[in-house]
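So this one's final-v8.txt, compact mmCIF, C-alpha atoms:
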```
# COMPACT_ATOMS: atom_id res chain seq x y z
CA MET J 1 54.83 -17.46 28.50
CA ILE J 2 54.99 -14.32 26.43
CA GLY J 3 52.85 -16.06 23.80
CA SER J 4 50.05 -16.49 26.34
CA LEU J 5 50.04 -12.72 26.85
CA PHE J 6 49.39 -12.12 23.17
CA ALA J 7 46.72 -14.86 23.13
CA GLY J 8 45.02 -13.10 26.03
CA ILE J 9 45.24 -9.75 24.24
CA SER J 10 43.60 -11.24 21.13
CA GLY J 11 40.75 -12.47 23.33
CA LEU J 12 40.32 -9.01 24.84
CA ASN J 13 40.22 -7.36 21.42
CA ALA J 14 37.81 -9.89 19.93
CA ASN J 15 35.38 -9.75 22.84
CA ALA J 16 35.57 -5.95 23.01
CA THR J 17 34.52 -5.84 19.35
CA ALA J 18 31.74 -8.33 20.06
CA MET J 19 30.52 -6.08 22.88
CA THR J 20 30.38 -3.23 20.35
CA VAL J 21 28.13 -5.35 18.14
CA ILE J 22 25.88 -6.11 21.11
CA GLY J 23 25.75 -2.42 22.00
CA ASP J 24 24.83 -1.56 18.41
CA ASN J 25 21.99 -4.10 18.46
CA ILE J 26 20.60 -2.80 21.74
CA SER J 27 20.88 0.84 20.68
CA ASN J 28 18.80 0.04 17.59
CA VAL J 29 16.05 -1.83 19.41
CA ASN J 30 13.56 0.87 18.30
CA THR J 31 15.02 1.46 14.82
CA THR J 32 12.49 0.78 12.07
CA ALA J 33 13.19 -2.50 10.23
CA PHE J 34 16.64 -2.84 11.84
CA LYS J 35 18.25 -6.26 11.43
CA SER J 36 20.39 -7.36 14.36
CA ASN J 37 23.96 -8.56 13.81
CA ARG J 38 25.66 -11.68 15.12
CA SER J 39 29.37 -11.81 15.95
CA SER J 40 31.61 -14.59 14.67
CA PHE J 41 35.04 -15.63 15.96
CA ALA J 42 37.87 -17.64 14.41
CA ASN J 43 41.01 -19.13 15.85
CA VAL J 44 44.36 -17.67 14.82
CA LEU J 45 46.68 -19.88 12.78
CA SER J 46 48.19 -22.48 15.10
CA GLN J 47 51.92 -22.77 15.67
CA SER J 48 53.46 -26.19 15.07
CA LEU J 49 55.76 -27.59 17.72
CA ASN J 50 58.77 -29.75 16.85
CA GLY J 51 57.73 -29.71 13.22
CA SER J 52 54.94 -32.15 13.88
CA THR J 53 51.53 -31.36 12.41
CA GLY J 54 49.90 -33.26 15.23
CA SER J 55 51.57 -31.14 17.85
CA SER J 56 50.57 -27.48 17.68
CA ILE J 57 49.33 -24.72 19.87
CA GLY J 58 46.89 -21.92 19.11
CA ARG J 59 47.88 -18.27 19.00
CA GLY J 60 44.58 -16.79 20.15
CA VAL J 61 41.35 -15.63 18.54
CA GLU J 62 40.34 -13.09 15.96
CA PHE J 63 37.02 -11.36 15.31
CA TRP J 64 35.82 -13.07 12.16
CA GLY J 65 33.07 -10.59 11.28
CA THR J 66 29.34 -10.00 11.67
CA SER J 67 26.36 -11.45 9.87
CA PRO J 68 22.92 -9.79 9.81
CA MET J 69 19.91 -11.74 11.01
CA TRP J 70 17.29 -11.34 8.28
CA THR J 71 14.38 -12.61 10.34
CA GLN J 72 11.03 -10.82 10.05
CA GLY J 73 10.45 -8.04 12.56
CA SER J 74 7.09 -7.56 14.25
CA LEU J 75 4.63 -5.18 12.60
CA GLU J 76 3.43 -2.07 14.39
CA ASN J 77 0.16 -0.47 13.29
CA THR J 78 0.48 3.29 12.93
CA GLY J 79 -2.76 4.44 11.27
CA SER J 80 -0.82 6.50 8.72
CA ALA J 81 -1.81 5.73 5.13
CA THR J 82 1.76 6.19 3.87
CA ASP J 83 3.42 3.92 6.46
CA LEU J 84 4.23 0.60 4.83
CA ALA J 85 5.79 -2.64 6.04
CA ILE J 86 7.02 -5.62 4.03
CA ASN J 87 5.65 -8.90 5.28
CA GLY J 88 8.15 -11.33 3.82
CA LYS J 89 11.18 -10.88 1.60
CA GLY J 90 12.13 -7.82 -0.41
CA PHE J 91 13.01 -4.15 -0.18
CA PHE J 92 11.44 -0.85 -1.14
CA ILE J 93 13.31 1.04 -3.85
CA VAL J 94 14.11 4.70 -3.13
CA ASN J 95 16.00 7.24 -5.24
CA ASP J 96 18.05 10.23 -4.16
CA ALA J 97 18.04 13.63 -5.89
CA ALA J 98 20.64 12.40 -8.39
CA GLY J 99 18.49 9.43 -9.38
CA SER J 100 20.66 6.78 -7.74
CA SER J 101 18.73 3.81 -6.38
CA PHE J 102 18.95 2.47 -2.85
CA TYR J 103 17.00 -0.16 -0.95
CA THR J 104 15.28 -0.18 2.41
CA ARG J 105 12.77 -2.09 4.50
CA ALA J 106 11.90 0.99 6.53
CA GLY J 107 8.59 2.09 5.03
CA GLN J 108 8.12 5.35 6.92
CA PHE J 109 6.98 7.49 3.98
CA TYR J 110 5.05 10.74 3.70
CA LEU J 111 4.02 13.15 0.94
CA ASN J 112 6.22 16.23 0.80
CA GLU J 113 5.27 19.68 -0.46
CA LEU J 114 5.62 18.50 -4.08
CA GLY J 115 3.47 15.42 -3.53
CA ASP J 116 6.46 13.05 -3.71
CA MET J 117 6.31 10.00 -1.45
CA VAL J 118 9.58 10.30 0.47
CA ASN J 119 11.27 8.81 3.53
CA PRO J 120 12.64 11.00 6.37
CA SER J 121 15.92 11.41 4.44
CA GLY J 122 14.09 12.79 1.40
CA TYR J 123 14.61 9.74 -0.81
CA VAL J 124 11.66 9.20 -3.17
CA ALA J 125 9.86 5.85 -3.22
CA GLN J 126 9.70 4.19 -6.63
CA GLY J 127 6.69 2.64 -8.31
CA TYR J 128 5.04 1.79 -11.60
CA GLU J 129 2.64 4.45 -12.86
CA ILE J 130 -0.81 3.15 -13.83
CA ASP J 131 -2.49 4.54 -16.94
CA GLU J 132 -6.22 5.06 -17.54
CA ASP J 133 -6.56 1.48 -18.81
CA GLY J 134 -4.97 0.02 -15.66
CA ASN J 135 -1.67 -0.90 -17.34
CA LEU J 136 1.64 -0.55 -15.49
CA GLY J 137 4.16 1.88 -16.94
CA VAL J 138 7.88 2.33 -16.35
CA LEU J 139 9.56 2.59 -12.96
CA THR J 140 9.40 6.19 -11.74
CA ASP J 141 9.11 8.44 -8.69
CA ILE J 142 5.80 8.10 -6.83
CA SER J 143 4.38 11.60 -6.94
CA ILE J 144 0.79 12.56 -6.14
CA PRO J 145 0.56 16.37 -6.14
CA GLY J 146 -2.26 17.87 -4.09
CA ASP J 147 -3.54 19.78 -7.11
CA ARG J 148 -4.50 16.58 -8.96
CA VAL J 149 -8.08 16.78 -10.24
CA SER J 150 -10.40 13.96 -11.20
CA PRO J 151 -12.13 15.11 -14.43
CA PRO J 152 -15.92 14.97 -14.62
CA SER J 153 -17.73 12.16 -16.37
CA GLU J 154 -20.94 12.83 -18.27
CA THR J 155 -23.95 10.70 -17.38
CA THR J 156 -24.68 8.15 -20.09
CA THR J 157 -27.23 5.90 -18.38
CA PHE J 158 -29.59 6.06 -15.45
CA THR J 159 -32.31 3.97 -13.85
CA PHE J 160 -35.08 4.17 -11.26
CA ASP J 161 -36.88 1.57 -9.20
CA ILE J 162 -40.40 2.99 -9.12
CA ASN J 163 -43.83 1.63 -8.27
CA LEU J 164 -46.77 3.44 -9.89
CA ASP J 165 -49.97 2.94 -7.89
CA ALA J 166 -52.39 0.68 -9.80
CA GLY J 167 -55.25 2.24 -7.84
CA ALA J 168 -54.50 5.82 -8.87
CA ALA J 169 -57.33 7.82 -10.42
CA THR J 170 -57.30 9.37 -13.85
CA GLY J 171 -55.01 12.40 -13.88
CA ASP J 172 -53.12 11.51 -10.67
CA THR J 173 -49.42 12.36 -10.91
CA TYR J 174 -46.22 11.15 -9.32
CA SER J 175 -42.86 12.95 -9.65
CA THR J 176 -39.34 11.77 -8.88
CA SER J 177 -35.93 13.24 -9.69
CA GLN J 178 -32.22 12.67 -9.55
CA SER J 179 -29.15 14.65 -10.61
CA VAL J 180 -27.37 13.80 -13.83
CA TYR J 181 -24.03 15.30 -14.85
CA ASP J 182 -23.28 17.16 -18.06
CA SER J 183 -19.96 17.23 -19.92
CA LEU J 184 -18.69 20.07 -17.68
CA GLY J 185 -19.53 18.24 -14.48
CA ASN J 186 -22.60 20.32 -13.61
CA ALA J 187 -25.28 18.48 -11.64
CA ILE J 188 -28.55 18.81 -13.56
CA PRO J 189 -31.73 17.81 -11.65
CA LEU J 190 -33.78 15.66 -14.00
CA THR J 191 -37.43 15.41 -12.89
CA LEU J 192 -39.75 12.76 -14.26
CA THR J 193 -43.50 13.26 -13.84
CA PHE J 194 -45.85 10.32 -14.37
CA THR J 195 -49.56 10.99 -15.07
CA LYS J 196 -52.24 8.27 -14.86
CA LEU J 197 -54.16 7.97 -18.13
CA ASP J 198 -57.89 7.45 -18.47
CA THR J 199 -58.86 4.48 -16.30
CA THR J 200 -62.26 4.13 -17.96
CA VAL J 201 -60.76 3.12 -21.30
CA PRO J 202 -59.50 -0.50 -21.39
CA ALA J 203 -56.54 0.43 -23.58
CA THR J 204 -55.23 2.95 -21.07
CA ALA J 205 -56.61 1.63 -17.78
CA ARG J 206 -53.15 0.47 -16.66
CA SER J 207 -51.09 3.15 -18.45
CA TRP J 208 -49.17 6.23 -17.39
CA SER J 209 -47.60 9.00 -19.45
CA VAL J 210 -44.21 10.44 -18.50
CA ALA J 211 -42.74 13.89 -19.01
CA GLY J 212 -39.30 15.18 -18.13
CA SER J 213 -38.00 18.59 -17.11
CA VAL J 214 -34.75 20.29 -16.08
CA PRO J 215 -34.26 23.74 -14.53
CA ALA J 216 -33.46 26.80 -16.62
CA PRO J 217 -31.38 27.75 -18.55
CA ASN J 218 -31.50 24.27 -20.01
CA GLY J 219 -34.09 23.37 -22.62
CA ALA J 220 -36.61 20.65 -23.24
CA VAL J 221 -36.43 16.98 -22.33
CA SER J 222 -37.62 14.52 -24.97
CA PHE J 223 -38.08 10.77 -25.00
CA ALA J 224 -37.62 8.21 -27.73
CA PRO J 225 -39.34 6.04 -28.76
CA GLY J 226 -42.37 6.84 -26.54
CA THR J 227 -43.66 8.38 -23.35
CA GLU J 228 -46.26 5.87 -22.11
CA PHE J 229 -45.81 3.06 -19.58
CA THR J 230 -48.30 0.16 -19.67
CA PHE J 231 -48.57 -2.71 -17.18
CA ASN J 232 -50.33 -6.08 -17.49
CA GLU J 233 -52.82 -7.48 -15.01
CA ASP J 234 -49.94 -8.65 -12.76
CA GLY J 235 -48.44 -5.17 -12.55
CA ILE J 236 -45.51 -6.08 -14.81
CA LEU J 237 -44.24 -3.46 -17.25
CA THR J 238 -44.97 -4.45 -20.86
CA VAL J 239 -44.57 -1.13 -22.70
CA PRO J 240 -41.99 0.12 -23.46
CA ALA J 241 -40.27 -3.16 -24.25
CA ALA J 242 -36.87 -1.54 -24.71
CA ASP J 243 -34.75 1.10 -23.04
CA LEU J 244 -35.72 4.72 -23.60
CA THR J 245 -33.41 7.43 -24.88
CA VAL J 246 -33.77 10.72 -23.01
CA ASP J 247 -32.44 13.79 -24.82
CA ILE J 248 -31.71 17.01 -22.94
CA VAL J 249 -30.89 20.28 -24.68
CA MET J 250 -28.18 22.15 -22.75
CA ASN J 251 -27.88 25.94 -22.79
CA ASN J 252 -25.08 26.31 -20.22
CA GLY J 253 -22.15 25.70 -22.55
CA ALA J 254 -22.09 21.93 -22.07
CA ALA J 255 -22.80 19.45 -24.82
CA ASP J 256 -26.39 18.29 -25.32
CA MET J 257 -27.07 15.09 -23.42
CA SER J 258 -28.42 11.79 -24.71
CA LEU J 259 -29.12 9.43 -21.83
CA ASN J 260 -30.10 5.77 -21.80
CA TRP J 261 -32.95 5.05 -19.37
CA ASP J 262 -32.26 1.42 -18.42
CA LEU J 263 -35.62 -0.36 -18.30
CA VAL J 264 -35.03 -3.82 -19.73
CA ASP J 265 -32.21 -5.44 -17.73
CA LEU J 266 -34.30 -5.83 -14.57
CA ALA J 267 -37.73 -6.14 -16.20
CA GLY J 268 -39.99 -8.66 -14.48
CA PRO J 269 -41.62 -9.12 -11.05
CA ILE J 270 -38.70 -7.29 -9.41
CA GLY J 271 -38.14 -4.93 -12.31
CA ASP J 272 -37.30 -1.25 -12.38
CA ILE J 273 -40.87 -0.04 -12.95
CA THR J 274 -43.88 -1.84 -11.47
CA GLY J 275 -47.62 -1.14 -11.33
CA TYR J 276 -48.73 -2.68 -8.04
CA ALA J 277 -51.63 -1.50 -5.87
CA SER J 278 -49.50 0.36 -3.35
CA PRO J 279 -48.60 4.04 -3.07
CA SER J 280 -46.37 5.39 -5.80
CA ASN J 281 -42.78 5.62 -4.56
CA THR J 282 -39.13 5.45 -5.62
CA THR J 283 -36.99 2.85 -3.85
CA PHE J 284 -33.73 3.11 -5.80
CA GLN J 285 -32.01 5.30 -8.33
CA PHE J 286 -28.66 5.21 -10.12
CA GLN J 287 -26.72 7.19 -12.70
CA ASP J 288 -23.13 6.72 -13.86
CA GLY J 289 -21.88 10.32 -14.08
CA PHE J 290 -19.97 12.42 -11.59
CA SER J 291 -18.56 15.90 -11.18
CA SER J 292 -14.89 16.88 -11.05
CA GLY J 293 -13.13 16.24 -7.76
CA VAL J 294 -10.03 17.32 -5.86
CA LEU J 295 -7.59 15.00 -4.13
CA ARG J 296 -8.64 14.15 -0.56
CA GLY J 297 -6.12 11.45 0.33
CA ILE J 298 -4.43 8.22 -0.69
CA SER J 299 -4.49 4.61 0.42
CA VAL J 300 -2.26 1.58 -0.22
CA ASP J 301 -3.38 -2.06 -0.32
CA GLU J 302 -1.47 -5.32 0.26
CA SER J 303 -0.50 -5.54 -3.41
CA GLY J 304 1.08 -2.09 -3.24
CA PHE J 305 -1.53 -0.27 -5.32
CA VAL J 306 -1.55 3.42 -4.39
CA THR J 307 -5.11 4.70 -4.82
CA ALA J 308 -6.04 8.38 -4.92
CA ALA J 309 -9.35 9.30 -3.29
CA TYR J 310 -11.17 12.33 -4.72
CA SER J 311 -13.95 14.50 -3.36
CA ASN J 312 -16.33 13.23 -6.06
CA GLY J 313 -16.10 9.72 -4.62
CA GLN J 314 -13.75 8.36 -7.26
CA LEU J 315 -10.98 5.96 -6.19
CA ILE J 316 -8.34 5.86 -8.91
CA PRO J 317 -5.21 3.61 -8.75
CA VAL J 318 -2.26 5.77 -9.76
CA PHE J 319 0.85 3.74 -8.85
CA GLN J 320 1.94 0.28 -7.77
CA ILE J 321 4.84 0.34 -5.36
CA ALA J 322 8.02 -1.27 -6.69
CA MET J 323 10.04 -3.78 -4.67
CA ALA J 324 13.36 -5.51 -5.23
CA ASP J 325 14.90 -8.83 -4.27
CA PHE J 326 18.55 -9.94 -4.17
CA ALA J 327 20.32 -13.25 -4.53
CA SER J 328 22.28 -12.60 -1.32
CA TYR J 329 21.05 -10.22 1.35
CA GLU J 330 24.30 -10.72 3.30
CA GLY J 331 26.22 -9.15 0.42
CA LEU J 332 24.33 -5.83 0.54
CA THR J 333 26.31 -2.75 1.52
CA LYS J 334 25.02 -0.92 4.59
CA LEU J 335 24.87 2.85 4.14
CA GLY J 336 23.20 4.00 7.35
CA GLU J 337 19.79 5.70 7.59
CA ASN J 338 18.21 2.25 7.08
CA LEU J 339 19.54 2.13 3.52
CA TYR J 340 21.33 -0.60 1.58
CA ALA J 341 23.12 -0.60 -1.77
CA GLU J 342 23.79 -3.41 -4.17
CA SER J 343 27.30 -4.87 -4.43
CA LEU J 344 29.09 -7.62 -6.32
CA ASN J 345 28.42 -9.94 -3.40
CA SER J 346 24.68 -9.24 -3.31
CA GLY J 347 24.05 -9.61 -7.02
CA GLN J 348 21.92 -7.30 -9.11
CA PRO J 349 18.48 -6.24 -7.86
CA LEU J 350 15.46 -8.13 -9.19
CA PRO J 351 12.64 -5.56 -9.39
CA GLY J 352 8.99 -6.53 -9.10
CA VAL J 353 5.83 -5.87 -7.15
CA ALA J 354 4.38 -7.30 -3.96
CA GLY J 355 3.57 -11.00 -4.24
CA ASP J 356 5.77 -11.61 -7.30
CA GLY J 357 8.14 -14.55 -7.01
CA ARG J 358 9.86 -14.50 -3.62
CA LEU J 359 8.66 -10.99 -2.78
CA GLY J 360 6.36 -10.63 0.20
CA ASN J 361 3.19 -8.61 0.56
CA ILE J 362 2.84 -5.06 1.83
CA SER J 363 1.13 -4.35 5.15
CA PRO J 364 -0.41 -0.86 4.85
CA MET J 365 -0.59 1.56 7.77
CA ALA J 366 2.16 -0.32 9.58
CA ILE J 367 5.93 -0.35 9.96
CA GLU J 368 8.32 -3.22 10.58
CA MET J 369 9.95 -3.10 14.00
CA SER J 370 13.52 -4.06 14.85
CA ASN J 371 14.13 -7.80 15.15
CA VAL J 372 16.50 -7.33 18.10
CA ASP J 373 15.75 -9.81 20.91
CA LEU J 374 16.71 -7.94 24.09
CA ALA J 375 16.76 -11.06 26.26
CA GLN J 376 19.13 -12.77 23.86
CA GLU J 377 21.35 -9.68 23.67
CA PHE J 378 21.60 -9.48 27.46
CA VAL J 379 22.66 -13.14 27.63
CA LYS J 380 25.28 -12.47 24.94
CA MET J 381 26.43 -9.46 26.97
CA ILE J 382 26.94 -11.64 30.05
CA THR J 383 28.88 -14.33 28.16
CA THR J 384 30.99 -11.72 26.35
CA GLN J 385 31.76 -9.94 29.61
CA ARG J 386 32.82 -13.21 31.24
CA ALA J 387 34.99 -14.06 28.23
CA PHE J 388 36.64 -10.64 28.46
CA GLN J 389 37.25 -11.13 32.19
CA ALA J 390 38.71 -14.60 31.62
CA ASN J 391 41.12 -13.30 29.00
CA SER J 392 42.19 -10.52 31.33
CA ARG J 393 42.94 -13.23 33.93
CA VAL J 394 45.14 -15.01 31.39
CA ILE J 395 47.19 -11.84 31.06
CA THR J 396 47.49 -11.21 34.81
CA THR J 397 48.29 -14.86 35.53
CA SER J 398 50.95 -14.94 32.77
CA ASP J 399 52.41 -11.78 34.24
CA GLU J 400 52.62 -13.41 37.68
CA ILE J 401 54.31 -16.50 36.26
CA LEU J 402 56.83 -14.30 34.46
CA ALA J 403 57.47 -12.43 37.73
CA GLU J 404 58.13 -15.75 39.51
CA LEU J 405 60.48 -16.72 36.71
CA ILE J 406 62.44 -13.49 37.06
CA ASN J 407 62.59 -13.98 40.84
CA LEU J 408 64.48 -17.25 40.34
CA LYS J 409 67.75 -15.33 39.90
CA ARG J 410 67.52 -13.75 43.34
```
Represent the structure from my file as structure tokens, please.
Amino acid sequence: MIGSLFAGISGLNANATAMTVIGDNISNVNTTAFKSNRSSFANVLSQSLNGSTGSSIGRGVEFWGTSPMWTQGSLENTGSATDLAINGKGFFIVNDAAGSSFYTRAGQFYLNELGDMVNPSGYVAQGYEIDEDGNLGVLTDISIPGDRVSPPSETTTFTFDINLDAGAATGDTYSTSQSVYDSLGNAIPLTLTFTKLDTTVPATARSWSVAGSVPAPNGAVSFAPGTEFTFNEDGILTVPAADLTVDIVMNNGAADMSLNWDLVDLAGPIGDITGYASPSNTTFQFQDGFSSGVLRGISVDESGFVTAAYSNGQLIPVFQIAMADFASYEGLTKLGENLYAESLNSGQPLPGVAGDGRLGNISPMAIEMSNVDLAQEFVKMITTQRAFQANSRVITTSDEILAELINLKR
């Protein structure tokens, strides 16, 4: 009978530990990317009776351990550009101040005062830096300081969609302008003025001259190879038959400019320059330069590309977020604060980027919620409570039997 007492005690201990696991799951129902744990039990080595292997009796139960449930948690949209969730397998890689690497699925990141992308514990997210040619570099801290500047880009080509009125009289003019950017990033208004040539002369009846100007202190604007535009009887541009080069002398410290006026690529009935019998007007203009810009914000896409947005309209990819996979997630060491570390049982990390191999994609502006199922946990709580009560009854009943046994001597 004394053995039944110890069997009952083992049941109390095992179910009390299981209740702790349930309590831990429920307490973390709102923990970002938390993975619930499942309790496992095992019977204690049985005791043979009369030396017969077929005749034995158990000695109770032991708590066998816990196993994490690596099911996907629901995604919660947050609207924050630095909140990231993994949709599928994998972990984010974060480094502490000493450079040691840890792994997490909790993608609650923000930019600190140094521009580092960190989690609430100050661990820096890792990524592959992207060079000017779009190539990935080595794994490093993701850092986007607020003082980053997008350098200016000098205008090299421009174009206009213009109609010059075929019914204009000799000497009528039409002017249009757009800003082009010099090597320092200054916006230089370039004005083009078209003048209708003599309509009484067949050679110039459908021709216009063009002149260019820029504000002081800049100098003259010149064209090569010519400055006349001639249209055929259908209003299609025939001269010039090639792009024009527009040279601008700069007197503001920037380099002199040599621009390509794109006329040929769209030549035809819907070309850049037309000579139809409708009022002269400009319907489209384009140039490829821009001024310098300061950092306005960042965004992250599903492939993990971190793009910096600048005030000059430039969107420049600067990093691709690194992820890691493991042969065995169950073998990872839990460190608290939503962090994991590799171990011998997990195998070495396999770094990569979103979408590589088994790695999932990244859901930007979202976080992964806990995968705890409250209804299931409450059912487990009821069954664990009943198991605890039943084991306590084993102890009280065994005690009563022992008391009856002792009373036999009276």
Counting all atoms listed in the file, which residues have an atom no more than 12 Å from (-33.3, 22.3, -19.3) in the file's coordinates? Please list them as a tab-separated table (two decimals) with C-alpha atoms, in the coordinates of the input.
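Final file, part_18.tsv:
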```tsv
chain	number	residue	atom	x	y	z
J	180	VAL	CA	-27.37	13.80	-13.83
J	182	ASP	CA	-23.28	17.16	-18.06
J	187	ALA	CA	-25.28	18.48	-11.64
J	188	ILE	CA	-28.55	18.81	-13.56
J	189	PRO	CA	-31.73	17.81	-11.65
J	190	LEU	CA	-33.78	15.66	-14.00
J	191	THR	CA	-37.43	15.41	-12.89
J	212	GLY	CA	-39.30	15.18	-18.13
J	213	SER	CA	-38.00	18.59	-17.11
J	214	VAL	CA	-34.75	20.29	-16.08
J	215	PRO	CA	-34.26	23.74	-14.53
J	216	ALA	CA	-33.46	26.80	-16.62
J	217	PRO	CA	-31.38	27.75	-18.55
J	218	ASN	CA	-31.50	24.27	-20.01
J	219	GLY	CA	-34.09	23.37	-22.62
J	220	ALA	CA	-36.61	20.65	-23.24
J	221	VAL	CA	-36.43	16.98	-22.33
J	222	SER	CA	-37.62	14.52	-24.97
J	247	ASP	CA	-32.44	13.79	-24.82
J	248	ILE	CA	-31.71	17.01	-22.94
J	249	VAL	CA	-30.89	20.28	-24.68
J	250	MET	CA	-28.18	22.15	-22.75
J	251	ASN	CA	-27.88	25.94	-22.79
J	252	ASN	CA	-25.08	26.31	-20.22
J	254	ALA	CA	-22.09	21.93	-22.07
J	256	ASP	CA	-26.39	18.29	-25.32
J	257	MET	CA	-27.07	15.09	-23.42
```
Shell around J:Arg206 at 10 Å using all atoms listed in the file, local window under 4 positions removed, as a ChimeraX atom specification: /J:164-168,196-202,229-233,235,237,275
What does the file look like for those residues with C-alpha atoms, as a PDB file, in the coordinates of the input?
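Result saved to result.pdb:
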```pdb
ATOM      1  CA  LEU J 164     -46.770   3.440  -9.890  1.00  0.00           C
ATOM      2  CA  ASP J 165     -49.970   2.940  -7.890  1.00  0.00           C
ATOM      3  CA  ALA J 166     -52.390   0.680  -9.800  1.00  0.00           C
ATOM      4  CA  GLY J 167     -55.250   2.240  -7.840  1.00  0.00           C
ATOM      5  CA  ALA J 168     -54.500   5.820  -8.870  1.00  0.00           C
ATOM      6  CA  LYS J 196     -52.240   8.270 -14.860  1.00  0.00           C
ATOM      7  CA  LEU J 197     -54.160   7.970 -18.130  1.00  0.00           C
ATOM      8  CA  ASP J 198     -57.890   7.450 -18.470  1.00  0.00           C
ATOM      9  CA  THR J 199     -58.860   4.480 -16.300  1.00  0.00           C
ATOM     10  CA  THR J 200     -62.260   4.130 -17.960  1.00  0.00           C
ATOM     11  CA  VAL J 201     -60.760   3.120 -21.300  1.00  0.00           C
ATOM     12  CA  PRO J 202     -59.500  -0.500 -21.390  1.00  0.00           C
ATOM     13  CA  PHE J 229     -45.810   3.060 -19.580  1.00  0.00           C
ATOM     14  CA  THR J 230     -48.300   0.160 -19.670  1.00  0.00           C
ATOM     15  CA  PHE J 231     -48.570  -2.710 -17.180  1.00  0.00           C
ATOM     16  CA  ASN J 232     -50.330  -6.080 -17.490  1.00  0.00           C
ATOM     17  CA  GLU J 233     -52.820  -7.480 -15.010  1.00  0.00           C
ATOM     18  CA  GLY J 235     -48.440  -5.170 -12.550  1.00  0.00           C
ATOM     19  CA  LEU J 237     -44.240  -3.460 -17.250  1.00  0.00           C
ATOM     20  CA  GLY J 275     -47.620  -1.140 -11.330  1.00  0.00           C
TER      21      GLY J 275
END
```
Straight-line distance linking atom CA of J:Ser4 with atom CA of J:Gly58, stated in Å to one decimal: 9.6 Å
Among the residues J:Ala97, J:Ser179, J:Ser292, J:Val246, the one that comes closest to J:Tyr123 [using all atoms listed in the file]: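 Counting all atoms listed in the file, the residue closest to J:Tyr123 is J:Ala97.
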Spatial neighbours of stretch 373-388 of chain J, 8 Å, all atoms listed in the file, chain gap at least 6 places, as a PyMOL selection string: chain J and resi 11-12+15-16+18-19+22+25-26+29
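With all atoms listed in the file as the atoms that count, the minimum distance from J:Gly304 to the choices J:Phe319, J:Phe290, J:Phe223, J:Phe284 is reached by J:Phe319.
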